[in-house]
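**Student:** File name run.pdb; file contents PDB, C-alpha atoms; full text below.
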```pdb
MODEL        1
ATOM      1  CA  MET A   1     -73.905  62.854  86.456
ATOM      2  CA  GLU A   2     -70.386  62.987  84.990
ATOM      3  CA  ILE A   3     -69.645  66.069  87.090
ATOM      4  CA  ALA A   4     -70.470  64.179  90.291
ATOM      5  CA  LEU A   5     -68.332  61.254  89.147
ATOM      6  CA  VAL A   6     -65.415  63.586  88.371
ATOM      7  CA  VAL A   7     -65.681  65.011  91.899
ATOM      8  CA  VAL A   8     -65.626  61.480  93.348
ATOM      9  CA  VAL A   9     -62.571  60.558  91.263
ATOM     10  CA  VAL A  10     -60.741  63.740  92.309
ATOM     11  CA  LEU A  11     -61.487  63.069  95.991
ATOM     12  CA  PHE A  12     -60.253  59.488  95.713
ATOM     13  CA  ALA A  13     -57.148  60.678  93.852
ATOM     14  CA  LEU A  14     -56.404  63.120  96.668
ATOM     15  CA  GLY A  15     -57.036  60.264  99.102
ATOM     16  CA  PHE A  16     -54.399  58.250  97.258
ATOM     17  CA  ASP A  17     -52.094  61.259  97.463
ATOM     18  CA  TYR A  18     -52.670  61.371 101.228
ATOM     19  CA  THR A  19     -51.870  57.663 101.612
ATOM     20  CA  ASN A  20     -48.811  58.223  99.426
ATOM     21  CA  GLY A  21     -47.701  60.897 101.887
ATOM     22  CA  PHE A  22     -47.952  58.798 105.047
ATOM     23  CA  HIS A  23     -46.833  55.644 103.235
ATOM     24  CA  ASP A  24     -43.720  57.282 101.807
ATOM     25  CA  ALA A  25     -42.947  59.806 104.543
ATOM     26  CA  ALA A  26     -40.298  57.357 105.711
ATOM     27  CA  ASN A  27     -38.465  57.781 102.408
ATOM     28  CA  ALA A  28     -37.473  61.306 103.306
ATOM     29  CA  ILE A  29     -36.898  61.135 107.031
ATOM     30  CA  ALA A  30     -36.238  57.576 108.237
ATOM     31  CA  THR A  31     -32.468  57.940 108.034
ATOM     32  CA  SER A  32     -32.331  61.341 109.757
ATOM     33  CA  VAL A  33     -34.662  60.143 112.546
ATOM     34  CA  SER A  34     -32.808  56.866 113.064
ATOM     35  CA  THR A  35     -29.477  58.704 113.410
ATOM     36  CA  ARG A  36     -31.131  61.237 115.752
ATOM     37  CA  ALA A  37     -30.242  64.110 113.441
ATOM     38  CA  LEU A  38     -33.895  65.204 113.728
ATOM     39  CA  THR A  39     -36.744  64.404 116.085
ATOM     40  CA  PRO A  40     -39.644  62.587 114.419
ATOM     41  CA  ARG A  41     -42.094  65.508 114.582
ATOM     42  CA  VAL A  42     -39.588  68.082 113.347
ATOM     43  CA  ALA A  43     -38.572  65.722 110.559
ATOM     44  CA  LEU A  44     -42.197  65.140 109.537
ATOM     45  CA  LEU A  45     -42.969  68.860 109.523
ATOM     46  CA  MET A  46     -39.899  69.617 107.432
ATOM     47  CA  ALA A  47     -40.726  66.789 105.037
ATOM     48  CA  ALA A  48     -44.310  68.045 104.659
ATOM     49  CA  VAL A  49     -43.128  71.565 103.806
ATOM     50  CA  PHE A  50     -40.574  70.391 101.250
ATOM     51  CA  ASN A  51     -43.070  67.911  99.776
ATOM     52  CA  MET A  52     -45.284  70.916  99.099
ATOM     53  CA  VAL A  53     -42.464  72.891  97.500
ATOM     54  CA  GLY A  54     -41.304  69.946  95.410
ATOM     55  CA  ALA A  55     -44.822  69.281  94.152
ATOM     56  CA  LEU A  56     -44.963  72.769  92.643
ATOM     57  CA  LEU A  57     -41.548  72.680  90.942
ATOM     58  CA  GLY A  58     -42.442  70.785  87.786
ATOM     59  CA  ASP A  59     -45.024  68.806  85.845
ATOM     60  CA  ARG A  60     -43.121  66.462  83.523
ATOM     61  CA  VAL A  61     -43.875  63.325  85.539
ATOM     62  CA  ALA A  62     -47.533  64.388  85.725
ATOM     63  CA  HIS A  63     -47.695  64.490  81.921
ATOM     64  CA  THR A  64     -46.328  60.939  81.734
ATOM     65  CA  ILE A  65     -49.018  59.642  84.109
ATOM     66  CA  GLY A  66     -51.822  61.792  82.669
ATOM     67  CA  SER A  67     -51.360  60.851  79.026
ATOM     68  CA  GLY A  68     -48.631  58.229  78.738
ATOM     69  CA  ILE A  69     -49.967  55.070  80.438
ATOM     70  CA  ILE A  70     -53.484  54.574  79.015
ATOM     71  CA  ASP A  71     -55.496  56.495  76.426
ATOM     72  CA  LEU A  72     -58.829  57.946  77.590
ATOM     73  CA  GLY A  73     -58.869  61.037  75.382
ATOM     74  CA  GLY A  74     -61.518  61.996  72.878
ATOM     75  CA  GLU A  75     -59.893  60.077  70.019
ATOM     76  CA  ALA A  76     -59.894  56.893  72.088
ATOM     77  CA  GLY A  77     -63.667  56.583  71.739
ATOM     78  CA  VAL A  78     -64.201  55.946  75.451
ATOM     79  CA  HIS A  79     -67.508  57.171  76.884
ATOM     80  CA  PRO A  80     -66.945  59.767  79.646
ATOM     81  CA  ARG A  81     -68.686  57.665  82.311
ATOM     82  CA  GLU A  82     -66.682  54.581  81.317
ATOM     83  CA  GLY A  83     -63.438  56.550  81.363
ATOM     84  CA  LEU A  84     -64.161  57.911  84.824
ATOM     85  CA  ILE A  85     -64.998  54.431  86.144
ATOM     86  CA  LEU A  86     -61.653  53.239  84.789
ATOM     87  CA  VAL A  87     -59.747  56.018  86.546
ATOM     88  CA  LEU A  88     -61.678  55.581  89.796
ATOM     89  CA  SER A  89     -60.987  51.838  89.768
ATOM     90  CA  ALA A  90     -57.270  52.462  89.241
ATOM     91  CA  VAL A  91     -57.077  54.904  92.140
ATOM     92  CA  ILE A  92     -58.961  52.559  94.491
ATOM     93  CA  GLY A  93     -56.693  49.673  93.487
ATOM     94  CA  ALA A  94     -53.583  51.728  94.243
ATOM     95  CA  ILE A  95     -54.981  52.855  97.603
ATOM     96  CA  VAL A  96     -55.782  49.275  98.621
ATOM     97  CA  TRP A  97     -52.251  48.093  97.819
ATOM     98  CA  ASN A  98     -50.774  51.082  99.673
ATOM     99  CA  LEU A  99     -52.787  50.205 102.761
ATOM    100  CA  ILE A 100     -51.837  46.515 102.597
ATOM    101  CA  THR A 101     -48.108  47.234 102.365
ATOM    102  CA  TRP A 102     -48.325  49.988 104.998
ATOM    103  CA  TRP A 103     -50.008  47.558 107.386
ATOM    104  CA  ARG A 104     -47.247  45.034 106.756
ATOM    105  CA  GLY A 105     -44.582  47.721 107.206
ATOM    106  CA  LEU A 106     -43.190  47.143 103.703
ATOM    107  CA  PRO A 107     -41.771  50.147 101.819
ATOM    108  CA  SER A 108     -43.316  49.287  98.459
ATOM    109  CA  SER A 109     -43.749  51.839  95.703
ATOM    110  CA  SER A 110     -46.886  53.998  95.616
ATOM    111  CA  SER A 111     -45.797  55.089  92.142
ATOM    112  CA  HIS A 112     -45.720  51.559  90.772
ATOM    113  CA  ALA A 113     -48.982  50.748  92.561
ATOM    114  CA  LEU A 114     -50.661  53.560  90.651
ATOM    115  CA  ILE A 115     -49.037  52.646  87.333
ATOM    116  CA  GLY A 116     -49.901  48.983  87.830
ATOM    117  CA  ALA A 117     -53.491  49.902  88.674
ATOM    118  CA  LEU A 118     -53.829  52.050  85.539
ATOM    119  CA  THR A 119     -52.412  49.212  83.465
ATOM    120  CA  GLY A 120     -54.786  46.683  85.025
ATOM    121  CA  VAL A 121     -57.930  48.688  84.315
ATOM    122  CA  GLY A 122     -56.622  49.467  80.839
ATOM    123  CA  ILE A 123     -56.333  45.765  80.053
ATOM    124  CA  VAL A 124     -59.735  44.680  81.389
ATOM    125  CA  GLY A 125     -61.404  47.853  80.099
ATOM    126  CA  GLY A 126     -60.160  47.268  76.573
ATOM    127  CA  VAL A 127     -58.515  50.683  76.150
ATOM    128  CA  THR A 128     -55.117  51.440  74.673
ATOM    129  CA  VAL A 129     -52.213  50.750  77.013
ATOM    130  CA  TYR A 130     -48.951  52.421  75.986
ATOM    131  CA  TRP A 131     -46.648  49.480  76.578
ATOM    132  CA  ASN A 132     -43.666  51.259  75.009
ATOM    133  CA  VAL A 133     -43.966  54.093  77.544
ATOM    134  CA  ILE A 134     -44.373  51.614  80.400
ATOM    135  CA  LEU A 135     -41.218  49.805  79.248
ATOM    136  CA  ASP A 136     -39.130  52.947  78.668
ATOM    137  CA  LYS A 137     -40.274  55.094  81.592
ATOM    138  CA  VAL A 138     -41.425  52.550  84.185
ATOM    139  CA  VAL A 139     -39.882  49.096  83.820
ATOM    140  CA  ILE A 140     -36.361  50.109  82.767
ATOM    141  CA  PRO A 141     -36.089  52.882  85.419
ATOM    142  CA  MET A 142     -37.603  50.467  87.981
ATOM    143  CA  VAL A 143     -34.693  48.099  87.362
ATOM    144  CA  LEU A 144     -31.974  50.709  86.912
ATOM    145  CA  SER A 145     -32.760  53.192  89.704
ATOM    146  CA  PRO A 146     -32.051  50.769  92.599
ATOM    147  CA  VAL A 147     -28.836  49.634  90.891
ATOM    148  CA  VAL A 148     -27.732  53.225  90.350
ATOM    149  CA  GLY A 149     -28.737  54.187  93.889
ATOM    150  CA  PHE A 150     -26.839  51.267  95.444
ATOM    151  CA  THR A 151     -23.722  51.809  93.312
ATOM    152  CA  LEU A 152     -23.495  55.579  93.762
ATOM    153  CA  ALA A 153     -24.155  55.305  97.499
ATOM    154  CA  PHE A 154     -21.485  52.628  97.891
ATOM    155  CA  LEU A 155     -18.929  54.636  95.902
ATOM    156  CA  GLY A 156     -19.854  57.914  97.613
ATOM    157  CA  MET A 157     -19.576  56.407 101.077
ATOM    158  CA  THR A 158     -16.274  54.734 100.198
ATOM    159  CA  ALA A 159     -14.878  58.096  99.039
ATOM    160  CA  LEU A 160     -16.163  59.795 102.188
ATOM    161  CA  LEU A 161     -14.544  57.202 104.447
ATOM    162  CA  TRP A 162     -11.216  57.725 102.677
ATOM    163  CA  LEU A 163     -11.547  61.531 102.806
ATOM    164  CA  PHE A 164     -12.232  61.578 106.564
ATOM    165  CA  ARG A 165     -10.039  58.602 107.463
ATOM    166  CA  ASN A 166      -7.862  60.672 109.849
ATOM    167  CA  ALA A 167     -10.594  62.940 111.229
ATOM    168  CA  ASN A 168     -11.947  62.892 114.777
ATOM    169  CA  PRO A 169     -14.937  60.479 114.706
ATOM    170  CA  HIS A 170     -17.010  62.513 117.203
ATOM    171  CA  LYS A 171     -16.584  65.755 115.248
ATOM    172  CA  VAL A 172     -17.396  64.015 111.964
ATOM    173  CA  THR A 173     -20.540  62.470 113.443
ATOM    174  CA  ARG A 174     -21.696  65.827 114.838
ATOM    175  CA  ARG A 175     -21.132  67.627 111.529
ATOM    176  CA  PHE A 176     -22.897  65.021 109.449
ATOM    177  CA  ARG A 177     -25.804  64.997 111.874
ATOM    178  CA  ILE A 178     -26.244  68.700 111.058
ATOM    179  CA  ALA A 179     -25.702  68.072 107.337
ATOM    180  CA  GLN A 180     -28.466  65.478 107.406
ATOM    181  CA  THR A 181     -31.008  68.246 107.894
ATOM    182  CA  ALA A 182     -30.156  69.492 104.402
ATOM    183  CA  SER A 183     -30.035  66.030 102.821
ATOM    184  CA  ALA A 184     -33.386  65.055 104.368
ATOM    185  CA  ALA A 185     -34.915  68.279 103.024
ATOM    186  CA  ALA A 186     -33.495  67.490  99.581
ATOM    187  CA  MET A 187     -35.011  64.015  99.754
ATOM    188  CA  ALA A 188     -38.408  65.405 100.758
ATOM    189  CA  LEU A 189     -38.232  67.884  97.876
ATOM    190  CA  GLY A 190     -37.536  65.020  95.474
ATOM    191  CA  HIS A 191     -40.436  63.021  96.913
ATOM    192  CA  GLY A 192     -42.828  65.901  96.284
ATOM    193  CA  LEU A 193     -41.381  66.448  92.818
ATOM    194  CA  GLN A 194     -41.967  62.821  91.882
ATOM    195  CA  ASP A 195     -44.947  61.510  93.821
ATOM    196  CA  ALA A 196     -47.317  64.474  94.045
ATOM    197  CA  GLN A 197     -47.088  64.876  90.286
ATOM    198  CA  LYS A 198     -48.454  61.374  89.803
ATOM    199  CA  THR A 199     -51.688  62.385  91.507
ATOM    200  CA  MET A 200     -51.820  65.522  89.366
ATOM    201  CA  GLY A 201     -51.585  63.284  86.306
ATOM    202  CA  VAL A 202     -54.448  61.078  87.514
ATOM    203  CA  ILE A 203     -56.720  64.080  88.146
ATOM    204  CA  VAL A 204     -55.963  65.437  84.677
ATOM    205  CA  LEU A 205     -56.663  61.973  83.243
ATOM    206  CA  ALA A 206     -60.082  62.078  84.953
ATOM    207  CA  LEU A 207     -60.801  65.580  83.625
ATOM    208  CA  VAL A 208     -59.915  64.488  80.091
ATOM    209  CA  ALA A 209     -61.912  61.246  80.391
ATOM    210  CA  GLY A 210     -64.942  63.185  81.608
ATOM    211  CA  GLY A 211     -64.700  65.666  78.754
ATOM    212  CA  PHE A 212     -63.898  68.618  81.021
ATOM    213  CA  GLN A 213     -60.432  69.270  79.611
ATOM    214  CA  ASP A 214     -58.511  68.812  76.378
ATOM    215  CA  GLY A 215     -54.808  68.067  76.510
ATOM    216  CA  ASP A 216     -52.627  67.292  79.506
ATOM    217  CA  ASP A 217     -51.964  70.772  80.914
ATOM    218  CA  ILE A 218     -52.013  70.829  84.716
ATOM    219  CA  PRO A 219     -54.418  73.454  86.171
ATOM    220  CA  ILE A 220     -53.053  75.382  89.141
ATOM    221  CA  TRP A 221     -55.837  74.149  91.429
ATOM    222  CA  VAL A 222     -54.794  70.564  90.666
ATOM    223  CA  LYS A 223     -51.178  71.349  91.583
ATOM    224  CA  LEU A 224     -52.172  73.013  94.856
ATOM    225  CA  ALA A 225     -54.637  70.277  95.831
ATOM    226  CA  ALA A 226     -52.141  67.467  95.154
ATOM    227  CA  ALA A 227     -49.341  69.312  96.949
ATOM    228  CA  GLY A 228     -51.559  69.917  99.972
ATOM    229  CA  ALA A 229     -52.798  66.319 100.163
ATOM    230  CA  ILE A 230     -49.347  64.735 100.026
ATOM    231  CA  SER A 231     -48.004  67.228 102.571
ATOM    232  CA  LEU A 232     -50.853  66.482 104.974
ATOM    233  CA  GLY A 233     -50.302  62.761 104.535
ATOM    234  CA  THR A 234     -46.575  63.164 105.129
ATOM    235  CA  TYR A 235     -47.165  65.040 108.375
ATOM    236  CA  SER A 236     -49.476  62.261 109.528
ATOM    237  CA  GLY A 237     -46.420  60.017 109.511
ATOM    238  CA  GLY A 238     -45.570  56.492 108.485
ATOM    239  CA  TRP A 239     -44.072  54.945 111.585
ATOM    240  CA  ARG A 240     -44.262  51.293 110.545
ATOM    241  CA  ILE A 241     -42.305  51.810 107.344
ATOM    242  CA  MET A 242     -39.960  54.275 109.042
ATOM    243  CA  ARG A 243     -38.830  51.549 111.423
ATOM    244  CA  THR A 244     -38.133  49.207 108.496
ATOM    245  CA  LEU A 245     -36.051  51.716 106.547
ATOM    246  CA  GLY A 246     -34.367  53.380 109.505
ATOM    247  CA  ARG A 247     -33.345  50.413 111.607
ATOM    248  CA  ARG A 248     -34.323  46.997 110.294
ATOM    249  CA  VAL A 249     -32.377  47.189 107.003
ATOM    250  CA  ILE A 250     -29.198  48.489 108.685
ATOM    251  CA  GLU A 251     -28.205  50.576 111.697
ATOM    252  CA  LEU A 252     -27.194  53.912 110.171
ATOM    253  CA  ASP A 253     -24.785  56.573 111.372
ATOM    254  CA  PRO A 254     -25.138  60.252 110.334
ATOM    255  CA  ALA A 255     -22.485  60.098 107.592
ATOM    256  CA  ARG A 256     -24.121  57.093 105.937
ATOM    257  CA  GLY A 257     -27.563  58.665 106.326
ATOM    258  CA  PHE A 258     -26.317  61.853 104.659
ATOM    259  CA  VAL A 259     -24.812  59.994 101.696
ATOM    260  CA  ALA A 260     -27.887  57.776 101.218
ATOM    261  CA  GLU A 261     -30.261  60.759 101.192
ATOM    262  CA  THR A 262     -28.043  62.868  98.946
ATOM    263  CA  VAL A 263     -27.627  60.114  96.362
ATOM    264  CA  ALA A 264     -31.338  59.224  96.377
ATOM    265  CA  ALA A 265     -32.395  62.869  95.996
ATOM    266  CA  SER A 266     -29.979  63.322  93.076
ATOM    267  CA  VAL A 267     -31.431  60.305  91.274
ATOM    268  CA  LEU A 268     -34.997  61.603  91.818
ATOM    269  CA  TYR A 269     -34.175  65.044  90.398
ATOM    270  CA  THR A 270     -32.358  63.632  87.383
ATOM    271  CA  THR A 271     -35.117  61.220  86.391
ATOM    272  CA  ALA A 272     -37.882  63.799  86.895
ATOM    273  CA  PHE A 273     -36.307  66.661  84.975
ATOM    274  CA  ALA A 274     -34.218  64.837  82.372
ATOM    275  CA  PHE A 275     -36.283  61.738  81.571
ATOM    276  CA  GLN A 276     -39.856  62.468  82.771
ATOM    277  CA  ALA A 277     -39.679  59.023  84.381
ATOM    278  CA  PRO A 278     -41.971  58.328  87.377
ATOM    279  CA  ILE A 279     -39.474  56.319  89.418
ATOM    280  CA  SER A 280     -40.024  55.033  92.920
ATOM    281  CA  THR A 281     -38.697  57.130  95.785
ATOM    282  CA  THR A 282     -38.968  53.988  97.905
ATOM    283  CA  HIS A 283     -36.769  51.882  95.639
ATOM    284  CA  THR A 284     -34.208  54.641  95.337
ATOM    285  CA  ILE A 285     -33.716  55.466  99.023
ATOM    286  CA  THR A 286     -33.832  51.814 100.103
ATOM    287  CA  SER A 287     -31.161  50.787  97.616
ATOM    288  CA  SER A 288     -29.055  53.799  98.654
ATOM    289  CA  ILE A 289     -29.319  52.738 102.311
ATOM    290  CA  MET A 290     -28.164  49.253 101.322
ATOM    291  CA  GLY A 291     -25.289  50.771  99.352
ATOM    292  CA  VAL A 292     -23.915  52.791 102.254
ATOM    293  CA  GLY A 293     -24.469  49.851 104.585
ATOM    294  CA  ALA A 294     -22.431  47.544 102.386
ATOM    295  CA  THR A 295     -19.347  49.737 102.972
ATOM    296  CA  LYS A 296     -19.246  48.412 106.533
ATOM    297  CA  ARG A 297     -19.356  44.829 105.352
ATOM    298  CA  LEU A 298     -21.880  42.957 103.258
ATOM    299  CA  SER A 299     -23.190  41.143 106.323
ATOM    300  CA  ALA A 300     -24.049  44.504 107.933
ATOM    301  CA  VAL A 301     -27.075  44.738 105.649
ATOM    302  CA  ARG A 302     -29.940  42.579 106.867
ATOM    303  CA  TRP A 303     -30.481  40.856 103.556
ATOM    304  CA  GLY A 304     -33.456  38.888 104.861
ATOM    305  CA  VAL A 305     -35.378  42.127 105.421
ATOM    306  CA  ALA A 306     -34.100  43.403 102.080
ATOM    307  CA  GLY A 307     -35.456  40.236 100.471
ATOM    308  CA  HIS A 308     -38.950  40.859 101.854
ATOM    309  CA  ILE A 309     -38.791  44.415 100.502
ATOM    310  CA  ALA A 310     -37.693  43.110  97.088
ATOM    311  CA  VAL A 311     -40.658  40.715  97.015
ATOM    312  CA  ALA A 312     -42.991  43.663  97.647
ATOM    313  CA  TRP A 313     -41.298  45.541  94.799
ATOM    314  CA  VAL A 314     -41.818  42.676  92.364
ATOM    315  CA  LEU A 315     -45.431  42.101  93.419
ATOM    316  CA  THR A 316     -46.546  45.733  93.444
ATOM    317  CA  ILE A 317     -47.368  46.282  89.757
ATOM    318  CA  PRO A 318     -49.181  42.960  89.120
ATOM    319  CA  ALA A 319     -50.896  43.013  92.536
ATOM    320  CA  ALA A 320     -52.167  46.578  92.149
ATOM    321  CA  ALA A 321     -53.202  45.775  88.574
ATOM    322  CA  SER A 322     -55.205  42.764  89.769
ATOM    323  CA  VAL A 323     -56.916  44.666  92.588
ATOM    324  CA  ALA A 324     -57.804  47.549  90.257
ATOM    325  CA  ALA A 325     -59.127  45.135  87.615
ATOM    326  CA  VAL A 326     -61.438  43.495  90.150
ATOM    327  CA  VAL A 327     -62.631  46.906  91.375
ATOM    328  CA  TYR A 328     -63.337  47.928  87.770
ATOM    329  CA  LEU A 329     -65.389  44.797  87.072
ATOM    330  CA  VAL A 330     -67.480  45.473  90.182
ATOM    331  CA  LEU A 331     -67.969  49.193  89.498
ATOM    332  CA  HIS A 332     -68.654  48.576  85.812
ATOM    333  CA  ALA A 333     -71.385  46.065  86.709
ATOM    334  CA  VAL A 334     -72.950  48.474  89.217
ATOM    335  CA  MET A 335     -72.499  51.825  87.458
ATOM    336  CA  GLY A 336     -71.776  51.016  83.813
TER     337      GLY A 336
ENDMDL
END
```
As structure tokens, how would this structure be written, given the file I've shared?

**Tutor:**
Amino acid sequence: MEIALVVVVVLFALGFDYTNGFHDAANAIATSVSTRALTPRVALLMAAVFNMVGALLGDRVAHTIGSGIIDLGGEAGVHPREGLILVLSAVIGAIVWNLITWWRGLPSSSSHALIGALTGVGIVGGVTVYWNVILDKVVIPMVLSPVVGFTLAFLGMTALLWLFRNANPHKVTRRFRIAQTASAAAMALGHGLQDAQKTMGVIVLALVAGGFQDGDDIPIWVKLAAAGAISLGTYSGGWRIMRTLGRRVIELDPARGFVAETVAASVLYTTAFAFQAPISTTHTITSSIMGVGATKRLSAVRWGVAGHIAVAWVLTIPAAASVAAVVYLVLHAVMG
């Protein structure tokens, strides 16, 4: 019976990965599409390919999700069926929040939805929740990454404006429109590096909970499945959120789009490789867009839209935790 439940959990985890792809596709390509550097379909295809590549580049974030949020290993004393119900509830909770925010066109964080969902089921399920890891690798980066993204984007754009202050505006625009192809690819690579690994971690957590694996090593089939699911989801597109990031926050030009994507991608790589921190690609690119927009003038950023996005950020972890907790109580009553 546990084998069947593991299969169900894996399928739901890949379903979450798919929703992550179409929910967060805008992170990688909204700026390049809004500046007409790339057509939407070309941008989506490129993002899907680089999501796949990025997903296979590392596994440090996957280890944080798979063993650093809640404890379902053998020493935790959790029955395999109970552990699998916990993981399944967390994945369903994260999917539900993804769908709600996608429907509303809000670029909330799939990463924090998943982490919040794991935390929620951990609390109601009575298992160990690693609050120190959540503080060090989730909460602190959640606060710092938007600040860093905004600041670096503002400073980078300011330096770029000074550097090209005497250049021909039409030539500069044309060159940065070409350069945006590279920066969008870098952003898509960072999205795969961060977000696909989170699904890998959940699948490994399910395998450990079900007694089918010891330790948090990532099997190659898990890497390939997660990479494929997020790439397919990315290619399916996320038009609602793309409109929010690409046009409603601020009208971008190619130079600002290039700087925003380059800064956001750099932050994603640094946190993944240096700190094993599962940060939000959504938070990072949105704050970078605001940073480059503020170099025009502060009023150029539509702060009302930014405020709605910030509310979604704040609500994501507790909301996903609550949804996942309710799902767990239902599933536990039916299947426990």

**Student:** Can you tell me, as a PyMOL selection string, what residues are no more than 12 Å from Asn51 of chain A when counting all atoms listed in the file, ignoring any on the same chain fewer than 4 positions away?

**Tutor:** chain A and resi 17-18+20-22+24-25+27-29+43-47+55-57+184-197+224+226-235

**Student:** Once the PyMOL selection byres ((chain A and resi 199-215) around 8) has been evaluated on this model, what residues remain selected, and can you format them as a ChimeraX atom specification?

**Tutor:** /A:2-3,6,9-10,13-14,16-17,61-67,72-74,78-81,83-84,87,195-198,216-218,222-223,226

**Student:** Given the selection you just returned, output its residues as a file containing C-alpha atoms, formatted as a compact mmCIF listing (two decimals), in the coordinates of the input.

**Tutor:**
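Done, and the output landed in again_13.txt:
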```txt
# COMPACT_ATOMS: atom_id res chain seq x y z
CA GLU A 2 -70.39 62.99 84.99
CA ILE A 3 -69.64 66.07 87.09
CA VAL A 6 -65.42 63.59 88.37
CA VAL A 9 -62.57 60.56 91.26
CA VAL A 10 -60.74 63.74 92.31
CA ALA A 13 -57.15 60.68 93.85
CA LEU A 14 -56.40 63.12 96.67
CA PHE A 16 -54.40 58.25 97.26
CA ASP A 17 -52.09 61.26 97.46
CA VAL A 61 -43.88 63.32 85.54
CA ALA A 62 -47.53 64.39 85.72
CA HIS A 63 -47.70 64.49 81.92
CA THR A 64 -46.33 60.94 81.73
CA ILE A 65 -49.02 59.64 84.11
CA GLY A 66 -51.82 61.79 82.67
CA SER A 67 -51.36 60.85 79.03
CA LEU A 72 -58.83 57.95 77.59
CA GLY A 73 -58.87 61.04 75.38
CA GLY A 74 -61.52 62.00 72.88
CA VAL A 78 -64.20 55.95 75.45
CA HIS A 79 -67.51 57.17 76.88
CA PRO A 80 -66.94 59.77 79.65
CA ARG A 81 -68.69 57.66 82.31
CA GLY A 83 -63.44 56.55 81.36
CA LEU A 84 -64.16 57.91 84.82
CA VAL A 87 -59.75 56.02 86.55
CA ASP A 195 -44.95 61.51 93.82
CA ALA A 196 -47.32 64.47 94.04
CA GLN A 197 -47.09 64.88 90.29
CA LYS A 198 -48.45 61.37 89.80
CA ASP A 216 -52.63 67.29 79.51
CA ASP A 217 -51.96 70.77 80.91
CA ILE A 218 -52.01 70.83 84.72
CA VAL A 222 -54.79 70.56 90.67
CA LYS A 223 -51.18 71.35 91.58
CA ALA A 226 -52.14 67.47 95.15
```

**Student:** Just say which residues the PyMOL selection byres ((chain A and resi 152) around 9) picks in this file, as a list in words.

**Tutor:**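 Evaluating the PyMOL selection byres ((chain A and resi 152) around 9) on this file yields Val147, Val148, Gly149, Phe150, Thr151, Ala153, Phe154, Leu155, Gly156, Met157, Ala260, Val263, Ser288, Gly291 and Val292 of chain A.
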